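Undergrad: Following this message is one structure expressed as structure tokens.
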Amino acid sequence: MVGHSPSVARAVAVLNALARSSDGLTLSALARELREPKSTLHGVLAALVEAGLLVRDEATKRYRLGAHILALAGAYARQSDLLRAFSEVARPLARELGETIQLAILQGREVLYIGKQEGTQWVRLASEVGTRLPAQATSLGKCLLAWLPPDELDRLLAEGPLVALTPRTITDPDVLRAELAQVRERGYAIDRGETLSDVWCFGAPIRDAHGAVVAAVSISVPVTRITPERVDELIAAVRRAAAELSHRLGYSDIARESVGCPDVRFERRRVAP
């Protein structure tokens with residue numbers, strides 16, 4: 001982007017790299033990953049530590065995300081119409097179904113989980129807000145990919161091989177395109193053990209006031225609780241949840257969603273904080 005600040009760009013790249021790391025990274029590791037000189041990154045890291053966005057473990061020399069990230073995340077949650085709506089919709093639905101409800105947006109070829117409401121069942125889904133997963137492996141990601149402009153989908157698929165998380169994960173681009181066409185036709189997506197072998201997920205797209213798909217909501221269920229009747233119940237429930245969330249974002253065509261005639265619009269917008 002013309003006119004952007006290189007220092008800010010490096011700071012964002014550092015934060016993103018550490019968000020992907022489970023145990024932090026040293027200066028040398030960050031320099032290798034970001035392809036930046038250590039001398040260039042040193043000042044950026046020092047500024048982020050001073051701001052509380054990073055912490056440095058003196059024993060291991062690793063940098064990790066700092067506590068101030070939580071304050072910013074909390075502020076975002078309070079200000080986000082989508083997250084407020086998700087909390088209000090997901091809490092009673094999780095109690096009703098006993099299953100975990102999740103919310104995600106698309107970031108490149110990955111989904112970023114931005115909301116989660118635990119179910120009441122003893123066996124639950126082990127996941128966290130902030131987790132990133134290959135989009136094509138998840139019901140959420142399939143919903144988000146399905147309504148991308150065709151040229152944008154082609155660009156993402158051209159970036160490299162699709163990652164497999166289980167033997168069921170789709171890794172063939174042509175198979176994925178066929179799956180996404182079905183998602184658009186029926187208005188929901190199913191992950192049949194493609195992210196975790198013993199978990200099924202049911203997802204549906206969330207639309208903004210313009211009808212563009214900006215996020216997706218899902219219900220995750222251990223395969224031991226899957227029956228044909230339960231599948232029908234969960235599909236209906238996730239579509240209702242998506243319709244309600246879309247309505248709260250200003251999307252008024254709820255009737256179309258309810259009768260199974262989704263608006264196939266190849267457009268996606270960013271969710272405003």
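Residues are referred to by chain and number: the chain letter is A, B, ... according to the order shown in the structure tokens, the number counts from 1 in that chain, and ligands are numbered separately from 1 in the order shown.
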Please give the complete set of residues from region 37-253 of chain A that DSSP, run on the backbone, assigns to strand (DSSP E or B), formatted as a ChimeraX atom specification.
TA: /A:54-56,62-65,100-107,110-117,132-134,189-192,199-207,213-222
Undergrad: Using only C-alpha atoms, find each residue in region 53-135 of chain A having at least one atom no more than 6 Å away from region 199-218 of chain A; report its shortest atom-to-atom pair and that distance in Å (one decimal), rows by chain then rising number, as CSV.
TA:
```
residue,atom,partner,partner_atom,distance
A:Ile101,CA,A:Ser218,CA,5.6
A:Gln102,CA,A:Ser218,CA,5.2
A:Leu103,CA,A:Val217,CA,4.6
A:Ala104,CA,A:Ala216,CA,5.6
A:Ile105,CA,A:Ala215,CA,4.6
```
Undergrad: Tell me, which residues of region 1-133 of chain A carry DSSP helix (DSSP H, G or I), written as an NGL selection string?
TA: :A and (6-20 or 27-34 or 38-50 or 68-79 or 81-97)
Undergrad: Keeping only C-alpha atoms, write the selected residues to a file as an mmCIF file, in the first residue's frame.
TA:
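again_4.cif, written as the output of this step:
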```cif
data_model
loop_
_atom_site.group_PDB
_atom_site.id
_atom_site.type_symbol
_atom_site.label_atom_id
_atom_site.label_comp_id
_atom_site.auth_asym_id
_atom_site.auth_seq_id
_atom_site.Cartn_x
_atom_site.Cartn_y
_atom_site.Cartn_z
ATOM 1 C CA PRO A 6 7.187 0.231 7.166
ATOM 2 C CA SER A 7 7.529 0.137 10.958
ATOM 3 C CA VAL A 8 3.807 -0.358 11.446
ATOM 4 C CA ALA A 9 3.771 -3.048 8.756
ATOM 5 C CA ARG A 10 6.618 -4.864 10.516
ATOM 6 C CA ALA A 11 4.848 -4.585 13.877
ATOM 7 C CA VAL A 12 1.697 -6.114 12.399
ATOM 8 C CA ALA A 13 3.740 -8.887 10.783
ATOM 9 C CA VAL A 14 5.403 -9.638 14.145
ATOM 10 C CA LEU A 15 2.055 -9.804 15.941
ATOM 11 C CA ASN A 16 0.609 -12.091 13.269
ATOM 12 C CA ALA A 17 3.635 -14.390 13.399
ATOM 13 C CA LEU A 18 3.441 -14.684 17.181
ATOM 14 C CA ALA A 19 -0.314 -15.274 17.009
ATOM 15 C CA ARG A 20 0.406 -18.329 14.844
ATOM 16 C CA LEU A 27 14.400 -12.761 17.504
ATOM 17 C CA SER A 28 16.333 -15.050 15.165
ATOM 18 C CA ALA A 29 13.268 -17.156 14.412
ATOM 19 C CA LEU A 30 11.160 -14.054 13.742
ATOM 20 C CA ALA A 31 13.842 -12.670 11.447
ATOM 21 C CA ARG A 32 13.882 -15.909 9.450
ATOM 22 C CA GLU A 33 10.099 -16.146 9.224
ATOM 23 C CA LEU A 34 9.580 -12.511 8.270
ATOM 24 C CA LYS A 38 17.457 -8.839 13.182
ATOM 25 C CA SER A 39 18.695 -5.282 13.560
ATOM 26 C CA THR A 40 15.511 -4.006 11.888
ATOM 27 C CA LEU A 41 13.184 -6.094 14.044
ATOM 28 C CA HIS A 42 14.949 -5.347 17.320
ATOM 29 C CA GLY A 43 13.510 -1.838 17.621
ATOM 30 C CA VAL A 44 10.035 -2.991 16.599
ATOM 31 C CA LEU A 45 10.070 -5.712 19.255
ATOM 32 C CA ALA A 46 11.289 -3.290 21.921
ATOM 33 C CA ALA A 47 8.440 -0.883 21.137
ATOM 34 C CA LEU A 48 5.838 -3.676 21.258
ATOM 35 C CA VAL A 49 7.198 -4.912 24.603
ATOM 36 C CA GLU A 50 7.066 -1.380 26.014
ATOM 37 C CA HIS A 68 -2.482 -5.796 26.583
ATOM 38 C CA ILE A 69 -3.638 -7.891 23.621
ATOM 39 C CA LEU A 70 -6.446 -9.149 25.875
ATOM 40 C CA ALA A 71 -7.491 -5.598 26.689
ATOM 41 C CA LEU A 72 -7.678 -4.772 22.989
ATOM 42 C CA ALA A 73 -9.577 -7.986 22.265
ATOM 43 C CA GLY A 74 -12.047 -7.150 25.016
ATOM 44 C CA ALA A 75 -12.539 -3.669 23.622
ATOM 45 C CA TYR A 76 -13.133 -5.100 20.154
ATOM 46 C CA ALA A 77 -15.702 -7.532 21.545
ATOM 47 C CA ARG A 78 -17.552 -4.712 23.297
ATOM 48 C CA GLN A 79 -17.580 -2.577 20.155
ATOM 49 C CA ASP A 81 -22.011 -5.561 16.566
ATOM 50 C CA LEU A 82 -21.334 -9.083 15.297
ATOM 51 C CA LEU A 83 -19.723 -10.344 18.507
ATOM 52 C CA ARG A 84 -22.433 -8.810 20.675
ATOM 53 C CA ALA A 85 -25.086 -10.420 18.506
ATOM 54 C CA PHE A 86 -23.245 -13.754 18.525
ATOM 55 C CA SER A 87 -23.119 -13.785 22.313
ATOM 56 C CA GLU A 88 -26.834 -13.104 22.565
ATOM 57 C CA VAL A 89 -27.783 -15.725 19.962
ATOM 58 C CA ALA A 90 -25.247 -18.446 20.796
ATOM 59 C CA ARG A 91 -25.734 -18.568 24.556
ATOM 60 C CA PRO A 92 -29.365 -19.791 24.537
ATOM 61 C CA LEU A 93 -28.741 -22.003 21.482
ATOM 62 C CA ALA A 94 -25.824 -23.767 23.199
ATOM 63 C CA ARG A 95 -28.055 -24.409 26.229
ATOM 64 C CA GLU A 96 -30.865 -25.696 24.014
ATOM 65 C CA LEU A 97 -28.698 -28.050 21.959
#
```
Undergrad: Hey, can you check how far CA of Ser252 (chain A) sits from CA of Glu99 (chain A)?
TA: 27.7 Å
Undergrad: Can you tell me which residues surround Val129 (chain A) at a distance of at most 10 Å, considering only C-alpha atoms, apart from same-chain residues fewer than 3 positions away, and format the answer as a PDB file with C-alpha atoms, in the first residue's frame?
TA:
```pdb
ATOM      1  CA  GLN A 102     -18.537 -21.035  16.986  1.00  0.00           C
ATOM      2  CA  LEU A 103     -18.095 -17.902  14.878  1.00  0.00           C
ATOM      3  CA  ALA A 104     -15.388 -17.275  12.280  1.00  0.00           C
ATOM      4  CA  LEU A 112     -10.065 -17.225  12.145  1.00  0.00           C
ATOM      5  CA  TYR A 113     -12.278 -18.182  15.084  1.00  0.00           C
ATOM      6  CA  ILE A 114     -13.525 -14.998  16.752  1.00  0.00           C
ATOM      7  CA  GLY A 115     -16.345 -16.314  18.951  1.00  0.00           C
ATOM      8  CA  LYS A 116     -17.190 -19.460  20.892  1.00  0.00           C
ATOM      9  CA  GLN A 117     -20.008 -20.526  23.205  1.00  0.00           C
ATOM     10  CA  ARG A 132      -6.745 -20.479  12.607  1.00  0.00           C
TER      11      ARG A 132
END
```
Undergrad: Residues within 6 Å of region 22-24 of chain A, please, as a ChimeraX atom specification. Count only C-alpha atoms; anything in the same chain fewer than 2 positions from it doesn't count.
TA: /A:18,62-64
Undergrad: Taking N, CA and C atoms for each residue, export the selection above as a PDB file, in the first residue's frame.
TA:
```pdb
ATOM      1  N   LEU A  18       3.530 -14.166  15.815  1.00  0.00           N
ATOM      2  CA  LEU A  18       3.441 -14.684  17.181  1.00  0.00           C
ATOM      3  C   LEU A  18       2.061 -15.248  17.483  1.00  0.00           C
ATOM      4  N   ARG A  62      12.444 -15.940  24.132  1.00  0.00           N
ATOM      5  CA  ARG A  62      11.295 -15.984  23.222  1.00  0.00           C
ATOM      6  C   ARG A  62      10.350 -14.819  23.492  1.00  0.00           C
ATOM      7  N   TYR A  63       9.799 -14.299  22.426  1.00  0.00           N
ATOM      8  CA  TYR A  63       8.760 -13.272  22.524  1.00  0.00           C
ATOM      9  C   TYR A  63       7.396 -13.936  22.407  1.00  0.00           C
ATOM     10  N   ARG A  64       6.452 -13.463  23.235  1.00  0.00           N
ATOM     11  CA  ARG A  64       5.071 -13.950  23.182  1.00  0.00           C
ATOM     12  C   ARG A  64       4.124 -12.757  23.232  1.00  0.00           C
TER      13      ARG A  64
END
```
Undergrad: Within 10 Å of Pro167 (chain A), counting only C-alpha atoms, which residues show up once you throw out same-chain ones fewer than 5 positions away? Write them as a list in words, please.
TA: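 The residues that qualify are Gly193, Glu194, Thr195, Leu196 and Ser197 of chain A.
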Undergrad: For CA of Ala189 (chain A) and CA of Ala241 (chain A), quote the distance in Å rounded to one decimal.
TA: 13.8 Å
Undergrad: Between A:Pro173, A:Gly141, A:Pro150, A:Gly250, which has the minimum distance to Asp191 (chain A) (counting only C-alpha atoms)?
TA: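 Among A:Pro173, A:Gly141, A:Pro150, A:Gly250, it is A:Gly141 that comes nearest to Asp191 (chain A).
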Undergrad: What does the structure give for the distance between CA of Pro134 (chain A) and CA of Thr171 (chain A), in Å to one decimal?
TA: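 Going from CA of Pro134 (chain A) over to CA of Thr171 (chain A), I get 10.4 Å.
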Undergrad: Smallest atom-to-atom distance to Ala236 (chain A): which of A:Ile219, A:Leu140, A:Ala181, A:Ala67, using only C-alpha atoms?
TA: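 Between A:Ile219, A:Leu140, A:Ala181, A:Ala67, the residue approaching Ala236 (chain A) most closely is A:Ile219.
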